[in-house]
file input15.cif (mmCIF, C-alpha atoms)
data_entry
loop_
_atom_site.label_atom_id
_atom_site.label_comp_id
_atom_site.auth_asym_id
_atom_site.auth_seq_id
_atom_site.Cartn_x
_atom_site.Cartn_y
_atom_site.Cartn_z
CA MET K 1 14.74 31.50 3.25
CA ALA K 2 15.07 31.66 -0.53
CA GLU K 3 12.69 33.54 -2.84
CA GLN K 4 9.13 32.17 -3.08
CA THR K 5 7.96 30.58 -6.34
CA GLU K 6 4.34 30.27 -7.44
CA THR K 7 2.79 28.05 -10.12
CA THR K 8 -0.40 26.15 -10.94
CA VAL K 9 0.75 22.61 -10.10
CA ILE K 10 3.58 21.25 -7.99
CA ILE K 11 4.64 17.66 -8.63
CA VAL K 12 6.70 15.93 -5.94
CA GLY K 13 8.81 13.15 -7.43
CA GLY K 14 10.71 12.81 -10.70
CA GLY K 15 10.27 9.10 -11.38
CA PRO K 16 8.12 7.77 -14.23
CA SER K 17 4.89 8.84 -12.47
CA GLY K 18 6.08 12.41 -12.02
CA LEU K 19 7.45 12.58 -15.55
CA ALA K 20 4.17 11.27 -17.00
CA THR K 21 2.20 13.87 -15.05
CA ALA K 22 4.57 16.66 -16.12
CA ALA K 23 4.34 15.62 -19.77
CA TYR K 24 0.54 15.61 -19.77
CA LEU K 25 0.36 18.98 -18.00
CA HIS K 26 2.75 20.34 -20.63
CA HIS K 27 0.53 18.84 -23.34
CA LEU K 28 -2.46 20.74 -21.91
CA SER K 29 -0.42 23.96 -21.42
CA ILE K 30 -0.76 23.89 -17.62
CA PRO K 31 2.21 25.43 -15.73
CA TYR K 32 3.94 23.23 -13.16
CA ILE K 33 7.11 22.77 -11.11
CA LEU K 34 8.56 19.31 -10.53
CA LEU K 35 10.56 18.80 -7.32
CA GLU K 36 12.99 15.85 -7.18
CA ARG K 37 15.34 15.08 -4.27
CA GLU K 38 17.94 13.24 -6.38
CA ASP K 39 20.29 14.80 -8.95
CA CYS K 40 18.52 13.14 -11.90
CA PHE K 41 15.11 11.98 -13.03
CA ALA K 42 14.07 8.33 -12.57
CA SER K 43 16.85 7.77 -10.05
CA LEU K 44 15.70 4.23 -9.21
CA TRP K 45 16.42 3.25 -12.80
CA GLN K 46 19.49 5.42 -13.34
CA LYS K 47 21.26 4.95 -9.98
CA TYR K 48 19.64 2.35 -7.75
CA SER K 49 18.88 -0.73 -9.87
CA TYR K 50 21.08 -3.72 -10.61
CA ASP K 51 22.72 -4.10 -14.01
CA ARG K 52 20.77 -7.08 -15.36
CA VAL K 53 17.29 -5.67 -14.62
CA HIS K 54 14.77 -5.72 -17.48
CA LEU K 55 11.12 -4.76 -17.70
CA HIS K 56 9.17 -7.93 -17.02
CA LEU K 57 6.13 -6.78 -18.96
CA ALA K 58 5.99 -6.27 -22.72
CA LYS K 59 6.81 -2.72 -23.77
CA GLN K 60 3.22 -1.81 -24.72
CA PHE K 61 2.28 -2.15 -21.04
CA CYS K 62 5.14 0.14 -19.94
CA GLU K 63 4.74 3.21 -22.13
CA LEU K 64 4.21 6.64 -20.63
CA PRO K 65 1.53 8.94 -22.11
CA LEU K 66 1.98 10.64 -25.46
CA LEU K 67 5.23 8.88 -26.48
CA PRO K 68 5.26 5.22 -27.55
CA ILE K 69 8.36 3.14 -26.93
CA PRO K 70 10.18 2.90 -30.30
CA GLN K 71 9.24 -0.07 -32.48
CA ASN K 72 12.89 -1.06 -32.92
CA TYR K 73 13.23 -1.65 -29.16
CA PRO K 74 12.85 -5.28 -28.02
CA THR K 75 9.66 -6.54 -26.38
CA TYR K 76 11.29 -6.54 -22.93
CA LEU K 77 13.50 -3.49 -22.41
CA SER K 78 16.79 -3.59 -20.56
CA LYS K 79 17.68 -1.05 -17.88
CA ASN K 80 19.72 1.01 -20.36
CA GLN K 81 17.00 0.93 -23.02
CA PHE K 82 14.27 2.03 -20.63
CA THR K 83 16.50 4.76 -19.19
CA ARG K 84 17.15 5.99 -22.74
CA TYR K 85 13.40 6.07 -23.37
CA LEU K 86 12.86 8.09 -20.18
CA ASN K 87 15.60 10.57 -21.10
CA ASP K 88 14.03 10.96 -24.56
CA TYR K 89 10.70 11.52 -22.81
CA VAL K 90 12.18 14.29 -20.66
CA SER K 91 13.62 16.00 -23.75
CA ARG K 92 10.45 15.60 -25.81
CA PHE K 93 8.26 17.36 -23.26
CA GLY K 94 10.79 19.93 -22.04
CA ILE K 95 10.84 18.68 -18.47
CA GLU K 96 13.41 20.90 -16.79
CA PRO K 97 15.95 19.55 -14.27
CA THR K 98 16.20 22.95 -12.54
CA HIS K 99 14.42 21.70 -9.42
CA CYS K 100 16.42 18.53 -8.81
CA ARG K 101 18.14 18.11 -5.43
CA ARG K 102 15.05 19.50 -3.69
CA ARG K 103 13.77 17.45 -0.76
CA VAL K 104 10.25 18.38 0.25
CA GLU K 105 10.08 18.76 4.04
CA THR K 106 6.65 20.36 4.52
CA ALA K 107 3.45 20.70 2.52
CA SER K 108 0.22 22.15 3.85
CA TYR K 109 -2.95 23.64 2.43
CA ASP K 110 -3.71 27.31 3.13
CA GLU K 111 -7.51 27.46 3.42
CA ILE K 112 -7.62 31.25 3.19
CA ALA K 113 -5.44 31.56 0.09
CA GLY K 114 -6.78 28.34 -1.43
CA LYS K 115 -3.25 27.19 -2.21
CA TRP K 116 -0.66 24.59 -1.21
CA LYS K 117 2.46 25.84 0.52
CA ILE K 118 5.52 23.63 0.05
CA GLY K 119 8.87 23.92 1.80
CA ALA K 120 11.68 22.16 -0.06
CA ARG K 121 15.28 22.02 1.08
CA ASN K 122 17.82 22.80 -1.63
CA LEU K 123 20.33 20.01 -0.99
CA LYS K 124 23.08 21.99 -2.70
CA SER K 125 22.74 25.26 -0.76
CA GLY K 126 20.98 23.93 2.35
CA GLU K 127 18.31 26.65 2.08
CA ILE K 128 14.57 26.06 2.41
CA GLU K 129 12.79 27.20 -0.75
CA GLU K 130 9.08 27.97 -0.60
CA CYS K 131 6.69 27.15 -3.44
CA ARG K 132 2.96 27.78 -3.68
CA SER K 133 0.45 26.18 -6.02
CA ARG K 134 -3.24 25.57 -6.45
CA PHE K 135 -2.70 21.85 -7.01
CA LEU K 136 -0.30 19.30 -5.52
CA VAL K 137 0.56 15.92 -7.05
CA VAL K 138 2.29 13.27 -4.90
CA ALA K 139 4.34 11.22 -7.38
CA THR K 140 7.02 9.92 -5.04
CA GLY K 141 6.36 6.33 -6.08
CA GLU K 142 5.79 2.99 -4.41
CA THR K 143 9.56 2.52 -4.29
CA CYS K 144 10.47 5.64 -2.34
CA ASP K 145 12.75 4.72 0.58
CA ALA K 146 14.72 1.47 0.94
CA SER K 147 13.37 -0.77 3.70
CA VAL K 148 15.33 -3.30 5.78
CA PRO K 149 13.34 -5.29 8.36
CA LYS K 150 14.38 -5.60 11.99
CA VAL K 151 16.26 -8.86 12.53
CA GLU K 152 17.66 -9.89 15.90
CA GLY K 153 21.44 -9.52 15.81
CA LEU K 154 21.64 -7.83 12.39
CA GLU K 155 23.46 -4.81 13.82
CA ASN K 156 26.29 -7.10 14.94
CA PHE K 157 26.58 -9.13 11.73
CA GLU K 158 30.29 -9.39 10.98
CA GLY K 159 29.96 -9.52 7.21
CA GLU K 160 28.71 -7.02 4.63
CA VAL K 161 25.06 -5.89 4.59
CA LEU K 162 23.51 -4.06 1.67
CA HIS K 163 20.07 -3.26 0.30
CA SER K 164 19.19 -4.26 -3.26
CA THR K 165 19.42 -0.58 -4.28
CA LYS K 166 23.19 -0.80 -3.65
CA PHE K 167 23.69 -4.06 -5.54
CA LYS K 168 24.94 -3.76 -9.14
CA ASN K 169 26.12 -7.26 -10.10
CA GLY K 170 27.59 -10.40 -8.58
CA GLY K 171 31.08 -9.99 -10.00
CA ARG K 172 32.83 -9.00 -6.77
CA PHE K 173 31.18 -11.77 -4.72
CA TRP K 174 32.82 -14.76 -6.43
CA GLY K 175 33.43 -17.57 -3.94
CA GLU K 176 31.63 -15.83 -1.06
CA ASN K 177 28.66 -17.17 0.89
CA VAL K 178 25.86 -14.74 0.10
CA LEU K 179 22.34 -14.71 1.53
CA VAL K 180 19.62 -12.88 -0.37
CA VAL K 181 16.72 -11.90 1.88
CA GLY K 182 13.50 -11.44 -0.07
CA SER K 183 11.96 -13.54 -2.84
CA GLY K 184 10.25 -10.99 -5.04
CA ASN K 185 11.49 -10.29 -8.56
CA SER K 186 14.52 -8.33 -7.37
CA GLY K 187 15.58 -10.97 -4.86
CA MET K 188 15.21 -13.81 -7.36
CA GLU K 189 17.18 -11.98 -10.06
CA ILE K 190 19.93 -10.91 -7.68
CA ALA K 191 20.26 -14.53 -6.51
CA LEU K 192 20.53 -15.62 -10.16
CA ASP K 193 23.19 -13.00 -10.85
CA LEU K 194 25.21 -14.01 -7.78
CA ALA K 195 25.07 -17.72 -8.63
CA SER K 196 26.02 -17.02 -12.25
CA CYS K 197 29.05 -15.08 -11.01
CA GLY K 198 30.30 -17.90 -8.78
CA ALA K 199 28.94 -16.87 -5.39
CA LYS K 200 27.66 -19.58 -3.04
CA THR K 201 24.11 -18.32 -3.04
CA SER K 202 21.14 -18.83 -0.73
CA ILE K 203 17.78 -17.06 -0.76
CA VAL K 204 15.18 -16.63 1.98
CA VAL K 205 11.65 -17.54 0.82
CA ARG K 206 9.34 -16.91 3.78
CA SER K 207 5.93 -16.74 2.10
CA PRO K 208 4.18 -18.59 -0.74
CA ILE K 209 4.89 -17.08 -4.16
CA HIS K 210 3.54 -17.42 -7.69
CA ILE K 211 6.17 -17.99 -10.35
CA LEU K 212 5.34 -17.32 -14.01
CA SER K 213 7.30 -17.04 -17.23
CA ARG K 214 7.22 -13.83 -19.24
CA GLY K 215 5.00 -15.57 -21.77
CA MET K 216 2.51 -16.57 -19.08
CA ALA K 217 2.39 -13.03 -17.71
CA TYR K 218 1.81 -11.62 -21.19
CA ALA K 219 -0.96 -14.15 -21.90
CA GLY K 220 -2.61 -13.28 -18.60
CA LEU K 221 -2.60 -9.55 -19.33
CA VAL K 222 -4.24 -10.17 -22.71
CA LEU K 223 -6.80 -12.71 -21.44
CA VAL K 224 -7.90 -10.62 -18.45
CA LYS K 225 -9.41 -8.12 -20.92
CA TYR K 226 -11.86 -10.76 -22.12
CA LEU K 227 -12.28 -13.33 -19.31
CA PRO K 228 -13.12 -13.19 -15.59
CA LEU K 229 -10.05 -12.72 -13.43
CA LYS K 230 -10.59 -15.99 -11.55
CA TRP K 231 -10.58 -17.93 -14.85
CA VAL K 232 -7.33 -16.30 -15.92
CA ASP K 233 -5.80 -17.04 -12.50
CA SER K 234 -6.83 -20.69 -12.76
CA MET K 235 -5.24 -21.00 -16.20
CA LEU K 236 -2.02 -19.30 -15.10
CA THR K 237 -1.72 -21.51 -12.02
CA ILE K 238 -2.19 -24.66 -14.11
CA MET K 239 0.37 -23.43 -16.68
CA SER K 240 2.87 -22.71 -13.92
CA LYS K 241 2.42 -26.18 -12.43
CA VAL K 242 2.87 -27.83 -15.83
CA VAL K 243 5.97 -25.83 -16.77
CA PHE K 244 7.74 -25.59 -13.41
CA GLY K 245 6.41 -28.67 -11.63
CA ASP K 246 6.05 -29.22 -7.88
CA LEU K 247 8.24 -26.66 -6.13
CA THR K 248 7.47 -27.66 -2.54
CA LYS K 249 10.46 -30.02 -2.48
CA TYR K 250 12.67 -26.99 -3.12
CA GLY K 251 11.10 -24.98 -0.28
CA ILE K 252 8.68 -22.94 -2.41
CA GLN K 253 4.92 -22.97 -1.79
CA ARG K 254 2.23 -21.59 -4.12
CA PRO K 255 -0.39 -19.23 -2.64
CA LYS K 256 -4.03 -20.32 -2.49
CA GLU K 257 -5.17 -17.14 -4.25
CA GLY K 258 -4.27 -16.62 -7.91
CA PRO K 259 -1.49 -14.32 -9.16
CA PHE K 260 -3.77 -11.60 -10.49
CA ALA K 261 -6.03 -11.71 -7.42
CA LEU K 262 -3.01 -11.17 -5.17
CA LYS K 263 -1.85 -8.31 -7.37
CA VAL K 264 -5.24 -6.58 -7.28
CA LYS K 265 -5.90 -7.11 -3.56
CA TYR K 266 -2.45 -6.65 -2.05
CA GLY K 267 -0.20 -5.29 -4.79
CA LYS K 268 1.92 -8.45 -4.62
CA TYR K 269 3.54 -9.16 -7.97
CA PRO K 270 4.15 -12.71 -9.19
CA VAL K 271 7.79 -13.65 -9.73
CA ILE K 272 8.73 -13.68 -13.40
CA ASP K 273 11.34 -16.39 -13.77
CA VAL K 274 14.35 -15.60 -15.96
CA GLY K 275 16.49 -18.57 -14.93
CA THR K 276 16.52 -18.63 -11.13
CA LEU K 277 14.38 -21.75 -10.85
CA HIS K 278 16.83 -23.75 -12.95
CA LYS K 279 19.61 -22.88 -10.53
CA ILE K 280 17.42 -23.69 -7.53
CA LYS K 281 16.59 -27.11 -9.00
CA SER K 282 20.24 -27.76 -9.83
CA GLY K 283 21.28 -26.90 -6.27
CA GLU K 284 23.28 -23.81 -7.25
CA ILE K 285 20.89 -21.68 -5.21
CA GLN K 286 19.73 -22.89 -1.79
CA VAL K 287 16.24 -21.93 -0.59
CA LEU K 288 15.92 -21.19 3.13
CA PRO K 289 12.98 -20.23 5.38
CA GLY K 290 12.66 -17.04 7.44
CA ILE K 291 15.49 -15.78 9.64
CA LYS K 292 15.17 -16.21 13.39
CA SER K 293 18.35 -14.45 14.54
CA ILE K 294 21.96 -13.59 13.68
CA LYS K 295 25.09 -14.08 15.76
CA GLY K 296 28.43 -13.04 14.33
CA ASN K 297 28.50 -14.44 10.79
CA ASN K 298 26.02 -17.20 11.57
CA VAL K 299 22.37 -16.93 10.61
CA LEU K 300 19.81 -19.08 12.44
CA PHE K 301 16.70 -19.94 10.42
CA GLU K 302 13.16 -20.81 11.48
CA ASN K 303 13.73 -24.50 10.67
CA GLY K 304 16.45 -24.60 13.34
CA LYS K 305 19.35 -24.79 10.88
CA GLU K 306 22.29 -22.39 11.00
CA TYR K 307 24.69 -21.31 8.25
CA PRO K 308 27.59 -18.82 8.04
CA PHE K 309 27.49 -15.99 5.49
CA ASP K 310 29.93 -13.37 4.28
CA VAL K 311 27.31 -11.07 2.75
CA MET K 312 23.60 -10.36 3.22
CA VAL K 313 21.63 -8.63 0.44
CA PHE K 314 18.22 -7.33 1.52
CA ALA K 315 15.78 -7.30 -1.39
CA THR K 316 13.04 -6.40 1.05
CA GLY K 317 11.36 -3.58 -0.80
CA PHE K 318 10.54 -0.03 0.09
CA LYS K 319 8.53 2.18 2.39
CA ARG K 320 7.00 5.61 1.83
CA SER K 321 7.55 8.67 4.02
CA THR K 322 4.75 10.90 2.70
CA LYS K 323 3.09 11.33 6.09
CA GLU K 324 6.28 12.90 7.44
CA TRP K 325 6.00 15.94 5.17
CA LEU K 326 2.40 16.12 3.85
CA ASN K 327 -0.06 17.75 6.25
CA GLY K 328 -3.53 16.36 5.53
CA TYR K 329 -2.24 13.28 3.71
CA ASP K 330 -4.97 11.19 5.34
CA SER K 331 -7.65 12.60 3.06
CA LEU K 332 -6.03 10.64 0.23
CA LEU K 333 -3.35 8.27 1.57
CA THR K 334 -2.86 5.72 4.33
CA ASP K 335 -0.07 5.93 6.91
CA ASP K 336 1.93 3.70 4.55
CA GLY K 337 1.64 6.30 1.78
CA LEU K 338 -0.69 4.28 -0.47
CA PRO K 339 -4.15 5.39 -1.68
CA LYS K 340 -7.10 4.92 0.67
CA GLN K 341 -9.52 4.37 -2.19
CA SER K 342 -9.35 1.37 -4.48
CA PHE K 343 -8.37 1.60 -8.15
CA PRO K 344 -9.64 3.32 -10.28
CA ASN K 345 -10.94 5.93 -7.80
CA HIS K 346 -7.71 6.40 -5.87
CA TRP K 347 -5.99 9.36 -7.49
CA LYS K 348 -7.96 12.41 -6.29
CA GLY K 349 -8.18 13.84 -2.77
CA GLN K 350 -9.38 17.15 -1.32
CA ASN K 351 -8.26 20.73 -1.99
CA GLY K 352 -6.48 19.94 -5.24
CA LEU K 353 -4.43 17.05 -3.83
CA TYR K 354 -3.66 14.14 -6.18
CA CYS K 355 -1.44 11.06 -6.27
CA ALA K 356 0.12 9.36 -9.30
CA GLY K 357 1.69 5.93 -9.56
CA LEU K 358 0.72 4.70 -6.09
CA ALA K 359 -2.09 2.27 -6.97
CA ARG K 360 0.30 -0.69 -7.40
CA ARG K 361 -0.59 -0.92 -11.10
CA GLY K 362 2.91 -0.45 -12.45
CA LEU K 363 3.88 1.89 -15.26
CA TYR K 364 0.56 1.34 -17.02
CA GLY K 365 -1.31 2.53 -13.93
CA ALA K 366 0.99 5.54 -13.53
CA ALA K 367 0.26 6.58 -17.12
CA MET K 368 -3.49 6.36 -16.46
CA ASP K 369 -3.13 8.44 -13.28
CA ALA K 370 -1.18 11.14 -15.11
CA GLN K 371 -3.86 11.50 -17.77
CA ASN K 372 -6.71 11.55 -15.25
CA ILE K 373 -4.98 14.15 -13.06
CA ALA K 374 -4.05 16.46 -15.92
CA HIS K 375 -7.55 16.36 -17.46
CA ASP K 376 -9.16 16.98 -14.05
CA ILE K 377 -6.94 19.99 -13.40
CA LYS K 378 -7.70 21.31 -16.88
CA THR K 379 -11.41 21.47 -16.00
CA LEU K 380 -10.60 23.52 -12.89
CA VAL K 381 -8.21 26.18 -14.24
#

call {"tool": "encode", "arguments": {"input": "input15.cif", "output": "structure tokens"}}
result
Amino acid sequence: MAEQTETTVIIVGGGPSGLATAAYLHHLSIPYILLEREDCFASLWQKYSYDRVHLHLAKQFCELPLLPIPQNYPTYLSKNQFTRYLNDYVSRFGIEPTHCRRRVETASYDEIAGKWKIGARNLKSGEIEECRSRFLVVATGETCDASVPKVEGLENFEGEVLHSTKFKNGGRFWGENVLVVGSGNSGMEIALDLASCGAKTSIVVRSPIHILSRGMAYAGLVLVKYLPLKWVDSMLTIMSKVVFGDLTKYGIQRPKEGPFALKVKYGKYPVIDVGTLHKIKSGEIQVLPGIKSIKGNNVLFENGKEYPFDVMVFATGFKRSTKEWLNGYDSLLTDDGLPKQSFPNHWKGQNGLYCAGLARRGLYGAAMDAQNIAHDIKTLV
């Protein structure tokens, strides 16, 4: 057991939510330690995202507290530009990387001492390091651990299987039959990248999805400040129908609820189209229904059709493992690691426990959480 460390606040997670919280605590002169299991901050952006990824929202909706994104940056930042902004953010607020490669394995509240006791494994030395703090902030993010669904026969698939976090670009897949599983923004963009690089590309679209352009999404975010959400949803749905037309003949259904309603209720983001629909309409990308089973290289779909594939890319999202290490998580979070309370009352639990960036409100929501948490702690120290 390594030497025990004590501080005022412990933040678990070094993604944008954790960085925003650290910066605001620094701004208010509140001591903290940030624990991050990877060897860098914002690892999803720096290590586990595909090359062509851009922010889908305009930069003013993606800024972290206390440091605007530079005016000379474009409206929609690339992966490299946003990573540069985050690295500048770390430098600006003196966020130290000394506690990277620390995987939190236990966290419990000591009622007698009135403090949180955290056990974190140093992934370099293998030792368990103990930290104690009055406050604990869960900032591990919505996108914590890669998730691949159970599919009959997947374990015996004879081709290559990878999660979207391992996909960089379509260059090495030229001429191969590739199936993308998942039709969110990542799945749609990966399918576009594969088709653009000469792969014979198919994508599984199981559920109805809203598809918007960047301009539509921006208009919606502006209008929702002044108009009822249902009006904005109606306008966006009409705009999407006018611009993209009837998509049912391509195997894509629109949901009955509007794009913003789905986002608020279920955290389901609309797809922001950056060229995938053109390739679907041209036949360069084939849309397929849900998978029923896999045998060898052949994939059987729910419509009874069967096709062979060389590669399967699962853009099937993430799960959260908070309940495995946080004792008493259920005062604040569900079993799935998301807040029990609805936005905007989701971020504060009992005994100095907080969560940042888990309300499914994107970077803008994470920035709000960081400010709320830091100001609340300031009133208590």

call {"tool": "resolve_selection", "arguments": {"input": "input15.cif", "expression": "the PyMOL selection byres ((chain K and resi 15) around 10)", "output": "JSON, numbers by chain"}}
result
{"K": [12, 13, 14, 16, 17, 18, 19, 20, 36, 40, 41, 42, 43, 44, 45, 86, 139, 140, 141, 143, 144, 357]}

call {"tool": "resolve_selection", "arguments": {"input": "input15.cif", "expression": "the PyMOL selection byres ((chain K and resi 233) around 12)", "output": "CSV table (one decimal) with C-alpha atoms, keeping the file's coordinate frame"}}
result
chain,number,residue,atom,x,y,z
K,210,HIS,CA,3.5,-17.4,-7.7
K,212,LEU,CA,5.3,-17.3,-14.0
K,216,MET,CA,2.5,-16.6,-19.1
K,217,ALA,CA,2.4,-13.0,-17.7
K,219,ALA,CA,-1.0,-14.2,-21.9
K,220,GLY,CA,-2.6,-13.3,-18.6
K,221,LEU,CA,-2.6,-9.6,-19.3
K,223,LEU,CA,-6.8,-12.7,-21.4
K,224,VAL,CA,-7.9,-10.6,-18.4
K,227,LEU,CA,-12.3,-13.3,-19.3
K,228,PRO,CA,-13.1,-13.2,-15.6
K,229,LEU,CA,-10.0,-12.7,-13.4
K,230,LYS,CA,-10.6,-16.0,-11.6
K,231,TRP,CA,-10.6,-17.9,-14.8
K,232,VAL,CA,-7.3,-16.3,-15.9
K,234,SER,CA,-6.8,-20.7,-12.8
K,235,MET,CA,-5.2,-21.0,-16.2
K,236,LEU,CA,-2.0,-19.3,-15.1
K,237,THR,CA,-1.7,-21.5,-12.0
K,238,ILE,CA,-2.2,-24.7,-14.1
K,239,MET,CA,0.4,-23.4,-16.7
K,240,SER,CA,2.9,-22.7,-13.9
K,255,PRO,CA,-0.4,-19.2,-2.6
K,256,LYS,CA,-4.0,-20.3,-2.5
K,257,GLU,CA,-5.2,-17.1,-4.2
K,258,GLY,CA,-4.3,-16.6,-7.9
K,259,PRO,CA,-1.5,-14.3,-9.2
K,260,PHE,CA,-3.8,-11.6,-10.5
K,261,ALA,CA,-6.0,-11.7,-7.4
K,262,LEU,CA,-3.0,-11.2,-5.2
K,263,LYS,CA,-1.8,-8.3,-7.4
K,264,VAL,CA,-5.2,-6.6,-7.3
K,270,PRO,CA,4.2,-12.7,-9.2

call {"tool": "resolve_selection", "arguments": {"input": "input15.cif", "expression": "the PyMOL selection byres ((chain K and resi 81) around 12)", "output": "count of residues only"}}
result
26

call {"tool": "atom_distance", "arguments": {"input": "input15.cif", "atom1": "atom CA of K:Phe93", "atom2": "atom CA of K:Gly365"}}
result
20.0 Å

call {"tool": "atom_distance", "arguments": {"input": "input15.cif", "atom1": "atom CA of K:Arg103", "atom2": "atom CA of K:Lys47"}}
result
17.2 Å

call {"tool": "closest_residue", "arguments": {"input": "input15.cif", "among": "K:Gly290, K:Thr5, K:Lys378, K:Asp336", "to": "K:Glu302", "atoms": "all atoms listed in the file"}}
result
K:Gly290

call {"tool": "closest_residue", "arguments": {"input": "input15.cif", "among": "K:Gln341, K:Thr322, K:Ser133, K:Asn298", "to": "K:Ala113", "atoms": "all atoms listed in the file"}}
result
K:Ser133

call {"tool": "closest_residue", "arguments": {"input": "input15.cif", "among": "K:Arg134, K:Arg102, K:Lys281, K:His27", "to": "K:Gly352", "atoms": "only C-alpha atoms"}}
result
K:Arg134

call {"tool": "closest_residue", "arguments": {"input": "input15.cif", "among": "K:Asn345, K:Thr276, K:Asn351, K:Ser164", "to": "K:Ser331", "atoms": "all atoms listed in the file"}}
result
K:Asn351

call {"tool": "residues_around", "arguments": {"input": "input15.cif", "residues": "K:Ile377", "least_positions_apart": "4", "cutoff": "8 Å", "atoms": "only C-alpha atoms", "output": "list in words"}}
result
Phe135, Ile373 and Val381 of chain K
